[in-house]
>>> print(open('upload08.pdb').read())   # PDB, C-alpha atoms
MODEL        1
ATOM      1  CA  MET F  14     130.164 139.208 105.784
ATOM      2  CA  ARG F  15     131.328 135.604 105.628
ATOM      3  CA  GLU F  16     134.303 134.679 103.443
ATOM      4  CA  LEU F  17     134.575 131.918 100.861
ATOM      5  CA  VAL F  18     137.940 130.197 101.331
ATOM      6  CA  TYR F  19     139.364 127.719  98.830
ATOM      7  CA  TYR F  20     141.387 125.507 101.199
ATOM      8  CA  VAL F  21     142.868 122.550  99.376
ATOM      9  CA  ALA F  22     145.936 120.367  98.932
ATOM     10  CA  VAL F  23     147.723 120.812  95.605
ATOM     11  CA  SER F  24     150.791 119.407  93.860
ATOM     12  CA  LEU F  25     153.658 121.620  92.722
ATOM     13  CA  ASP F  26     152.283 121.419  89.176
ATOM     14  CA  GLY F  27     148.759 122.474  90.115
ATOM     15  CA  TYR F  28     146.780 119.242  90.617
ATOM     16  CA  ILE F  29     144.471 118.603  93.560
ATOM     17  CA  ALA F  30     144.095 114.889  92.840
ATOM     18  CA  ALA F  31     145.387 112.141  90.575
ATOM     19  CA  PRO F  32     143.397 111.280  87.429
ATOM     20  CA  ASP F  33     141.402 108.709  89.451
ATOM     21  CA  ASP F  34     140.463 111.334  92.117
ATOM     22  CA  THR F  35     142.856 109.894  94.723
ATOM     23  CA  PHE F  36     145.324 111.772  96.924
ATOM     24  CA  ALA F  37     147.718 108.956  97.855
ATOM     25  CA  ASP F  38     150.747 110.804  96.467
ATOM     26  CA  PHE F  39     150.340 113.659  98.969
ATOM     27  CA  PRO F  40     152.207 113.187 102.293
ATOM     28  CA  MET F  41     149.777 111.978 104.960
ATOM     29  CA  GLN F  42     152.270 112.136 107.812
ATOM     30  CA  GLY F  43     154.493 114.882 109.122
ATOM     31  CA  ASP F  44     154.428 118.143 110.985
ATOM     32  CA  HIS F  45     151.953 119.729 108.542
ATOM     33  CA  ILE F  46     149.348 117.152 109.623
ATOM     34  CA  GLU F  47     149.797 118.209 113.246
ATOM     35  CA  MET F  48     149.106 121.811 112.197
ATOM     36  CA  ILE F  49     146.002 120.801 110.206
ATOM     37  CA  LEU F  50     144.584 118.855 113.144
ATOM     38  CA  ARG F  51     145.270 121.797 115.445
ATOM     39  CA  GLU F  52     144.325 124.807 113.284
ATOM     40  CA  PHE F  53     141.942 123.369 110.667
ATOM     41  CA  THR F  54     140.012 120.909 112.833
ATOM     42  CA  ASP F  55     136.784 122.048 111.158
ATOM     43  CA  THR F  56     138.029 120.516 107.874
ATOM     44  CA  VAL F  57     138.728 117.043 109.257
ATOM     45  CA  PRO F  58     136.162 114.517 107.969
ATOM     46  CA  THR F  59     133.713 113.075 110.473
ATOM     47  CA  LEU F  60     135.479 109.694 110.485
ATOM     48  CA  GLY F  61     138.809 111.423 111.182
ATOM     49  CA  LEU F  62     137.306 113.352 114.074
ATOM     50  CA  GLN F  63     135.939 110.137 115.546
ATOM     51  CA  ALA F  64     139.300 108.380 115.141
ATOM     52  CA  THR F  65     141.295 111.183 116.785
ATOM     53  CA  GLY F  66     138.768 112.250 119.408
ATOM     54  CA  LEU F  67     138.937 115.849 118.172
ATOM     55  CA  THR F  68     136.002 118.222 118.439
ATOM     56  CA  PRO F  69     135.721 121.023 115.869
ATOM     57  CA  ASP F  70     134.894 124.454 117.270
ATOM     58  CA  LEU F  71     133.497 125.709 113.931
ATOM     59  CA  ASN F  72     135.250 129.059 114.388
ATOM     60  CA  ARG F  73     137.080 128.797 111.067
ATOM     61  CA  PHE F  74     134.368 127.098 108.967
ATOM     62  CA  ASP F  75     130.787 125.984 109.523
ATOM     63  CA  THR F  76     129.892 125.280 105.882
ATOM     64  CA  VAL F  77     131.581 123.204 103.171
ATOM     65  CA  LEU F  78     131.023 123.277  99.384
ATOM     66  CA  MET F  79     131.930 120.333  97.161
ATOM     67  CA  GLY F  80     131.609 119.341  93.553
ATOM     68  CA  TRP F  81     130.347 115.821  92.915
ATOM     69  CA  ASN F  82     133.806 114.269  92.420
ATOM     70  CA  THR F  83     135.056 115.807  95.659
ATOM     71  CA  TYR F  84     131.996 114.500  97.496
ATOM     72  CA  THR F  85     132.473 110.956  96.200
ATOM     73  CA  ALA F  86     136.298 110.870  96.429
ATOM     74  CA  GLY F  87     136.230 109.620 100.019
ATOM     75  CA  GLY F  88     134.181 106.550  99.174
ATOM     76  CA  VAL F  89     131.308 105.543 101.430
ATOM     77  CA  HIS F  90     130.463 108.235 103.961
ATOM     78  CA  PRO F  91     129.070 107.810 107.466
ATOM     79  CA  ASP F  92     125.490 108.778 108.200
ATOM     80  CA  GLY F  93     125.344 112.558 108.072
ATOM     81  CA  GLY F  94     127.768 112.847 105.157
ATOM     82  CA  PRO F  95     131.557 113.277 105.043
ATOM     83  CA  TYR F  96     131.506 116.448 107.166
ATOM     84  CA  GLY F  97     128.490 115.932 109.402
ATOM     85  CA  HIS F  98     129.598 118.720 111.738
ATOM     86  CA  LEU F  99     129.307 121.281 108.891
ATOM     87  CA  ALA F 100     126.480 122.449 106.643
ATOM     88  CA  GLN F 101     127.334 120.482 103.479
ATOM     89  CA  TYR F 102     126.503 121.608  99.930
ATOM     90  CA  VAL F 103     127.168 119.407  96.918
ATOM     91  CA  PHE F 104     126.787 120.807  93.410
ATOM     92  CA  SER F 105     125.676 118.468  90.639
ATOM     93  CA  ARG F 106     123.333 118.585  87.668
ATOM     94  CA  HIS F 107     123.328 114.827  87.088
ATOM     95  CA  HIS F 108     123.302 113.055  90.449
ATOM     96  CA  SER F 109     120.784 112.612  93.239
ATOM     97  CA  ASP F 110     122.235 109.980  95.576
ATOM     98  CA  VAL F 111     123.429 111.887  98.656
ATOM     99  CA  ASP F 112     122.976 111.567 102.382
ATOM    100  CA  PRO F 113     119.790 113.344 103.563
ATOM    101  CA  ALA F 114     121.963 115.677 105.689
ATOM    102  CA  VAL F 115     123.710 116.977 102.542
ATOM    103  CA  HIS F 116     122.216 119.825 100.516
ATOM    104  CA  LEU F 117     122.366 118.696  96.879
ATOM    105  CA  THR F 118     121.813 121.523  94.421
ATOM    106  CA  ASP F 119     122.004 122.265  90.720
ATOM    107  CA  ASP F 120     121.601 126.006  91.348
ATOM    108  CA  ASP F 121     124.205 128.470  90.099
ATOM    109  CA  PRO F 122     127.121 128.098  92.571
ATOM    110  CA  ALA F 123     127.845 131.847  92.643
ATOM    111  CA  GLU F 124     124.236 132.632  93.582
ATOM    112  CA  VAL F 125     124.274 129.996  96.322
ATOM    113  CA  VAL F 126     127.493 131.463  97.738
ATOM    114  CA  ARG F 127     126.161 135.027  97.645
ATOM    115  CA  LYS F 128     123.164 133.893  99.701
ATOM    116  CA  LEU F 129     125.362 131.980 102.149
ATOM    117  CA  LYS F 130     127.618 135.007 102.608
ATOM    118  CA  GLN F 131     124.605 137.028 103.748
ATOM    119  CA  GLN F 132     123.754 134.526 106.484
ATOM    120  CA  SER F 133     125.315 134.550 109.923
ATOM    121  CA  GLY F 134     128.056 132.088 110.661
ATOM    122  CA  SER F 135     131.770 131.533 110.261
ATOM    123  CA  GLY F 136     133.690 130.870 107.038
ATOM    124  CA  ILE F 137     132.552 128.931 103.993
ATOM    125  CA  TRP F 138     135.053 126.275 102.942
ATOM    126  CA  LEU F 139     135.368 125.422  99.266
ATOM    127  CA  ALA F 140     136.811 121.905  99.430
ATOM    128  CA  GLY F 141     136.918 121.325  95.655
ATOM    129  CA  GLY F 142     137.010 120.539  92.897
ATOM    130  CA  GLY F 143     138.520 122.560  90.124
ATOM    131  CA  ILE F 144     135.360 122.909  88.030
ATOM    132  CA  LEU F 145     133.419 124.276  90.995
ATOM    133  CA  ALA F 146     136.357 126.533  91.933
ATOM    134  CA  SER F 147     136.396 128.024  88.442
ATOM    135  CA  ALA F 148     132.647 128.627  88.618
ATOM    136  CA  LEU F 149     133.201 130.461  91.916
ATOM    137  CA  ILE F 150     136.321 132.438  90.960
ATOM    138  CA  GLY F 151     134.517 135.750  91.410
ATOM    139  CA  GLU F 152     133.302 134.792  94.899
ATOM    140  CA  ILE F 153     136.519 133.385  96.397
ATOM    141  CA  ASP F 154     137.910 135.730  99.054
ATOM    142  CA  ARG F 155     140.912 133.719 100.181
ATOM    143  CA  LEU F 156     143.046 130.795  98.997
ATOM    144  CA  ILE F 157     144.839 128.515 101.444
ATOM    145  CA  LEU F 158     146.938 126.065  99.454
ATOM    146  CA  LYS F 159     148.687 123.093 101.015
ATOM    147  CA  VAL F 160     151.452 122.808  98.405
ATOM    148  CA  ASN F 161     152.799 119.257  98.399
ATOM    149  CA  PRO F 162     156.361 118.405  97.297
ATOM    150  CA  VAL F 163     155.319 116.271  94.329
ATOM    151  CA  LEU F 164     154.776 116.696  90.589
ATOM    152  CA  LEU F 165     151.781 114.617  89.478
ATOM    153  CA  GLY F 166     151.994 115.301  85.744
ATOM    154  CA  SER F 167     148.243 114.994  85.237
ATOM    155  CA  GLY F 168     145.055 114.772  87.232
ATOM    156  CA  LYS F 169     142.375 117.105  88.556
ATOM    157  CA  ARG F 170     143.469 120.728  88.283
ATOM    158  CA  LEU F 171     143.253 123.328  91.038
ATOM    159  CA  PHE F 172     141.039 125.365  88.696
ATOM    160  CA  ALA F 173     139.374 124.087  85.546
ATOM    161  CA  GLU F 174     140.272 125.987  82.414
ATOM    162  CA  ARG F 175     138.322 129.204  81.980
ATOM    163  CA  ASP F 176     138.422 132.251  79.740
ATOM    164  CA  TYR F 177     141.498 134.436  80.110
ATOM    165  CA  ASP F 178     140.697 136.837  82.947
ATOM    166  CA  PRO F 179     143.554 137.259  85.461
ATOM    167  CA  VAL F 180     142.631 137.337  89.128
ATOM    168  CA  ARG F 181     145.238 139.022  91.314
ATOM    169  CA  THR F 182     146.088 137.753  94.773
ATOM    170  CA  HIS F 183     148.176 138.987  97.679
ATOM    171  CA  LEU F 184     150.373 136.579  99.644
ATOM    172  CA  VAL F 185     149.344 136.833 103.303
ATOM    173  CA  ALA F 186     151.516 134.055 104.743
ATOM    174  CA  SER F 187     153.769 131.211 103.664
ATOM    175  CA  THR F 188     154.730 128.521 106.158
ATOM    176  CA  PRO F 189     157.117 125.672 105.247
ATOM    177  CA  TYR F 190     157.063 122.402 107.153
ATOM    178  CA  ASP F 191     159.750 119.749 107.591
ATOM    179  CA  SER F 192     157.492 117.349 105.658
ATOM    180  CA  GLY F 193     158.136 119.457 102.545
ATOM    181  CA  VAL F 194     154.593 120.840 102.511
ATOM    182  CA  VAL F 195     154.278 124.616 102.304
ATOM    183  CA  ILE F 196     151.037 126.330 103.346
ATOM    184  CA  ASN F 197     150.489 129.455 101.244
ATOM    185  CA  GLU F 198     147.649 131.807 102.108
ATOM    186  CA  TYR F 199     146.476 134.453  99.639
ATOM    187  CA  SER F 200     143.799 137.108  99.777
ATOM    188  CA  VAL F 201     142.017 137.696  96.475
ATOM    189  CA  MET F 202     142.215 141.284  95.360
ATOM    190  CA  PRO F 203     139.135 143.043  93.968
ATOM    191  CA  GLN F 204     139.030 142.856  90.177
ATOM    192  CA  SER F 205     139.481 146.626  89.848
ATOM    193  CA  THR F 206     142.654 146.712  91.956
ATOM    194  CA  GLU F 207     145.833 147.258  89.951
ATOM    195  CA  MET F 208     149.081 145.604  90.932
ATOM    196  CA  LEU F 209     151.651 148.149  92.059
TER     197      LEU F 209
ENDMDL
END
>>> encode(input="upload08.pdb", output="structure tokens")
Amino acid sequence: MRELVYYVAVSLDGYIAAPDDTFADFPMQGDHIEMILREFTDTVPTLGLQATGLTPDLNRFDTVLMGWNTYTAGGVHPDGGPYGHLAQYVFSRHHSDVDPAVHLTDDDPAEVVRKLKQQSGSGIWLAGGGILASALIGEIDRLILKVNPVLLGSGKRLFAERDYDPVRTHLVASTPYDSGVVINEYSVMPQSTEML
């Protein structure tokens, strides 16, 4: 079965973007970028792929999920949407202006993900944002957090506030980079699993 992976950049204090949905405070140069281009090529936007001449192999991800703010954060997208090499799903109850190649839906995100997990393919990438991530908390199988060496103070949270219901994770790997970014990968433990 396919996995849903929340792969996202985050500040030390838990924000995935500034209050205006920008990411300018996160380091955009350094050895962590080399790793992303090499190991997470599938997550590079179409314009970035064109600029670098990279070709995604779609072995890690072939589908991306975005909330409306994540979809619009990049500004104007090329024809085919921001990730034209992936199947793109945008969740919104109030908007309708998307590229024809993008699947816009107001369906329950958890139900959409359950259906996607039953289909053949590689991983499903949850790109953001925090409201969508909270709605999908029970479906997330893995978290890959690019922890940036900055405290934003406010902005868009990694997860939107939800009812108290702890979700346990297991640290699979933690890789520091000279840029100060640390990539932490966690598997999400089944709700019935007790911490030892």
>>> residues_around(input="upload08.pdb", residues="Gly27 in chain F", least_positions_apart="3", cutoff="8 Å", atoms="only C-alpha atoms", output="PDB file with C-alpha atoms, keeping the file's coordinate frame")
ATOM      1  CA  VAL F  23     147.723 120.812  95.605  1.00  0.00           C
ATOM      2  CA  SER F  24     150.791 119.407  93.860  1.00  0.00           C
ATOM      3  CA  ARG F 170     143.469 120.728  88.283  1.00  0.00           C
ATOM      4  CA  LEU F 171     143.253 123.328  91.038  1.00  0.00           C
TER       5      LEU F 171
END
>>> closest_residue(input="upload08.pdb", among="F:Gln204, F:Glu198, F:Ser192, F:Pro122", to="Pro40 in chain F", atoms="all atoms listed in the file")
F:Ser192
>>> residues_around(input="upload08.pdb", residues="Asp110 in chain F", least_positions_apart="4", cutoff="12 Å", atoms="only C-alpha atoms", output="MDAnalysis selection string")
chainID F and resid 81 84:85 89:90 94 103:106 114:118
>>> resolve_selection(input="upload08.pdb", expression="the PyMOL selection byres ((chain F and resi 142) around 8)", output="list in words")
Ile29, Met79, Gly80, Asn82, Thr83, Ala140, Gly141, Gly143, Ile144, Leu145, Ala146, Lys169, Arg170, Leu171 and Phe172 of chain F
>>> residues_near_point(input="upload08.pdb", point="(145.9, 107.5, 98.4)", cutoff="12 Å", atoms="all atoms listed in the file", output="list in words")
Ala30, Ala31, Pro32, Asp33, Asp34, Thr35, Phe36, Ala37, Asp38, Phe39, Pro40, Met41, Ala86, Gly87 and Gly88 of chain F
>>> residues_around(input="upload08.pdb", residues="Ser135 in chain F", least_positions_apart="4", cutoff="9 Å", atoms="only C-alpha atoms", output="list in words")
Arg15, Glu16, Leu71, Asn72, Arg73, Phe74, Asp75 and Thr76 of chain F
>>> axis_aligned_box(input="upload08.pdb", around="range 179-187 of chain F", padding_each_side="4 Å", output="AutoDock Vina command-line options")
--center_x 148.2 --center_y 135.1 --center_z 95.1 --size_x 19.1 --size_y 15.8 --size_z 27.3
>>> residues_around(input="upload08.pdb", residues="Lys159 in chain F", least_positions_apart="2", cutoff="6 Å", atoms="all atoms listed in the file", output="PyMOL selection string")
chain F and resi 22-23+195-196
>>> closest_residue(input="upload08.pdb", among="F:Glu52, F:Asp112, F:Asp178, F:Asp70", to="Gly151 in chain F", atoms="only C-alpha atoms")
F:Asp178
>>> atom_distance(input="upload08.pdb", atom1="CA of His107 in chain F", atom2="CA of Tyr20 in chain F")
25.3 Å
>>> closest_residue(input="upload08.pdb", among="F:Leu62, F:Leu158, F:Val125, F:Ile150", to="Pro189 in chain F", atoms="all atoms listed in the file")
F:Leu158
>>> closest_residue(input="upload08.pdb", among="F:Leu164, F:Val185, F:Glu47, F:Ile157", to="Trp138 in chain F", atoms="all atoms listed in the file")
F:Ile157
>>> build_atoms(input="upload08.pdb", residues="range 28-39 of chain F", atoms="all heavy atoms", output="PDB file, in the coordinates of the input")
ATOM      1  N   TYR F  28     147.840 120.248  90.596  1.00  0.00           N
ATOM      2  CA  TYR F  28     146.780 119.242  90.617  1.00  0.00           C
ATOM      3  C   TYR F  28     146.328 118.971  92.048  1.00  0.00           C
ATOM      4  O   TYR F  28     147.155 118.843  92.957  1.00  0.00           O
ATOM      5  CB  TYR F  28     147.250 117.944  89.966  1.00  0.00           C
ATOM      6  CG  TYR F  28     147.564 118.107  88.505  1.00  0.00           C
ATOM      7  CD1 TYR F  28     148.881 118.264  88.077  1.00  0.00           C
ATOM      8  CD2 TYR F  28     146.550 118.144  87.560  1.00  0.00           C
ATOM      9  CE1 TYR F  28     149.173 118.434  86.731  1.00  0.00           C
ATOM     10  CE2 TYR F  28     146.836 118.317  86.216  1.00  0.00           C
ATOM     11  CZ  TYR F  28     148.143 118.465  85.812  1.00  0.00           C
ATOM     12  OH  TYR F  28     148.430 118.656  84.480  1.00  0.00           O
ATOM     13  N   ILE F  29     145.014 118.873  92.231  1.00  0.00           N
ATOM     14  CA  ILE F  29     144.471 118.603  93.560  1.00  0.00           C
ATOM     15  C   ILE F  29     144.176 117.120  93.782  1.00  0.00           C
ATOM     16  O   ILE F  29     143.856 116.713  94.894  1.00  0.00           O
ATOM     17  CB  ILE F  29     143.204 119.447  93.837  1.00  0.00           C
ATOM     18  CG1 ILE F  29     142.103 119.175  92.813  1.00  0.00           C
ATOM     19  CG2 ILE F  29     143.558 120.921  93.881  1.00  0.00           C
ATOM     20  CD1 ILE F  29     140.782 119.879  93.105  1.00  0.00           C
ATOM     21  N   ALA F  30     144.287 116.333  92.727  1.00  0.00           N
ATOM     22  CA  ALA F  30     144.095 114.889  92.840  1.00  0.00           C
ATOM     23  C   ALA F  30     144.680 114.225  91.600  1.00  0.00           C
ATOM     24  O   ALA F  30     144.872 114.864  90.562  1.00  0.00           O
ATOM     25  CB  ALA F  30     142.613 114.536  92.967  1.00  0.00           C
ATOM     26  N   ALA F  31     144.941 112.939  91.719  1.00  0.00           N
ATOM     27  CA  ALA F  31     145.387 112.141  90.575  1.00  0.00           C
ATOM     28  C   ALA F  31     144.222 111.984  89.598  1.00  0.00           C
ATOM     29  O   ALA F  31     143.081 112.319  89.919  1.00  0.00           O
ATOM     30  CB  ALA F  31     145.876 110.780  91.069  1.00  0.00           C
ATOM     31  N   PRO F  32     144.483 111.452  88.397  1.00  0.00           N
ATOM     32  CA  PRO F  32     143.397 111.280  87.429  1.00  0.00           C
ATOM     33  C   PRO F  32     142.228 110.449  87.949  1.00  0.00           C
ATOM     34  O   PRO F  32     141.090 110.647  87.521  1.00  0.00           O
ATOM     35  CB  PRO F  32     144.086 110.588  86.249  1.00  0.00           C
ATOM     36  CG  PRO F  32     145.507 111.041  86.326  1.00  0.00           C
ATOM     37  CD  PRO F  32     145.796 111.122  87.809  1.00  0.00           C
ATOM     38  N   ASP F  33     142.481 109.548  88.902  1.00  0.00           N
ATOM     39  CA  ASP F  33     141.402 108.709  89.451  1.00  0.00           C
ATOM     40  C   ASP F  33     140.796 109.301  90.723  1.00  0.00           C
ATOM     41  O   ASP F  33     140.143 108.599  91.495  1.00  0.00           O
ATOM     42  CB  ASP F  33     141.917 107.291  89.712  1.00  0.00           C
ATOM     43  CG  ASP F  33     143.025 107.245  90.756  1.00  0.00           C
ATOM     44  OD1 ASP F  33     143.483 108.325  91.215  1.00  0.00           O
ATOM     45  OD2 ASP F  33     143.446 106.137  91.129  1.00  0.00           O
ATOM     46  N   ASP F  34     141.011 110.610  90.967  1.00  0.00           N
ATOM     47  CA  ASP F  34     140.463 111.334  92.117  1.00  0.00           C
ATOM     48  C   ASP F  34     141.051 110.904  93.462  1.00  0.00           C
ATOM     49  O   ASP F  34     140.461 111.147  94.505  1.00  0.00           O
ATOM     50  CB  ASP F  34     138.930 111.221  92.188  1.00  0.00           C
ATOM     51  CG  ASP F  34     138.246 112.021  91.101  1.00  0.00           C
ATOM     52  OD1 ASP F  34     138.618 113.188  90.906  1.00  0.00           O
ATOM     53  OD2 ASP F  34     137.347 111.477  90.442  1.00  0.00           O
ATOM     54  N   THR F  35     142.224 110.286  93.464  1.00  0.00           N
ATOM     55  CA  THR F  35     142.856 109.894  94.723  1.00  0.00           C
ATOM     56  C   THR F  35     143.931 110.911  95.110  1.00  0.00           C
ATOM     57  O   THR F  35     144.377 111.714  94.288  1.00  0.00           O
ATOM     58  CB  THR F  35     143.474 108.488  94.628  1.00  0.00           C
ATOM     59  OG1 THR F  35     144.491 108.497  93.610  1.00  0.00           O
ATOM     60  CG2 THR F  35     142.410 107.442  94.313  1.00  0.00           C
ATOM     61  N   PHE F  36     144.345 110.831  96.376  1.00  0.00           N
ATOM     62  CA  PHE F  36     145.324 111.772  96.924  1.00  0.00           C
ATOM     63  C   PHE F  36     146.521 111.050  97.527  1.00  0.00           C
ATOM     64  O   PHE F  36     147.278 111.628  98.297  1.00  0.00           O
ATOM     65  CB  PHE F  36     144.681 112.618  98.030  1.00  0.00           C
ATOM     66  CG  PHE F  36     143.264 113.023  97.745  1.00  0.00           C
ATOM     67  CD1 PHE F  36     142.207 112.336  98.285  1.00  0.00           C
ATOM     68  CD2 PHE F  36     143.009 114.089  96.906  1.00  0.00           C
ATOM     69  CE1 PHE F  36     140.901 112.709  98.024  1.00  0.00           C
ATOM     70  CE2 PHE F  36     141.704 114.475  96.637  1.00  0.00           C
ATOM     71  CZ  PHE F  36     140.644 113.777  97.199  1.00  0.00           C
ATOM     72  N   ALA F  37     146.711 109.785  97.188  1.00  0.00           N
ATOM     73  CA  ALA F  37     147.718 108.956  97.855  1.00  0.00           C
ATOM     74  C   ALA F  37     149.138 109.481  97.689  1.00  0.00           C
ATOM     75  O   ALA F  37     150.016 109.143  98.492  1.00  0.00           O
ATOM     76  CB  ALA F  37     147.632 107.520  97.343  1.00  0.00           C
ATOM     77  N   ASP F  38     149.392 110.289  96.692  1.00  0.00           N
ATOM     78  CA  ASP F  38     150.747 110.804  96.467  1.00  0.00           C
ATOM     79  C   ASP F  38     151.082 112.000  97.351  1.00  0.00           C
ATOM     80  O   ASP F  38     152.227 112.441  97.394  1.00  0.00           O
ATOM     81  CB  ASP F  38     150.925 111.187  94.997  1.00  0.00           C
ATOM     82  CG  ASP F  38     150.841 109.973  94.090  1.00  0.00           C
ATOM     83  OD1 ASP F  38     151.618 109.022  94.314  1.00  0.00           O
ATOM     84  OD2 ASP F  38     149.999 109.960  93.180  1.00  0.00           O
ATOM     85  N   PHE F  39     150.095 112.550  98.058  1.00  0.00           N
ATOM     86  CA  PHE F  39     150.340 113.659  98.969  1.00  0.00           C
ATOM     87  C   PHE F  39     150.757 113.096 100.329  1.00  0.00           C
ATOM     88  O   PHE F  39     150.180 112.113 100.796  1.00  0.00           O
ATOM     89  CB  PHE F  39     149.094 114.528  99.134  1.00  0.00           C
ATOM     90  CG  PHE F  39     148.687 115.271  97.892  1.00  0.00           C
ATOM     91  CD1 PHE F  39     147.414 115.785  97.783  1.00  0.00           C
ATOM     92  CD2 PHE F  39     149.568 115.481  96.835  1.00  0.00           C
ATOM     93  CE1 PHE F  39     147.012 116.494  96.649  1.00  0.00           C
ATOM     94  CE2 PHE F  39     149.189 116.186  95.698  1.00  0.00           C
ATOM     95  CZ  PHE F  39     147.904 116.695  95.607  1.00  0.00           C
TER      96      PHE F  39
END
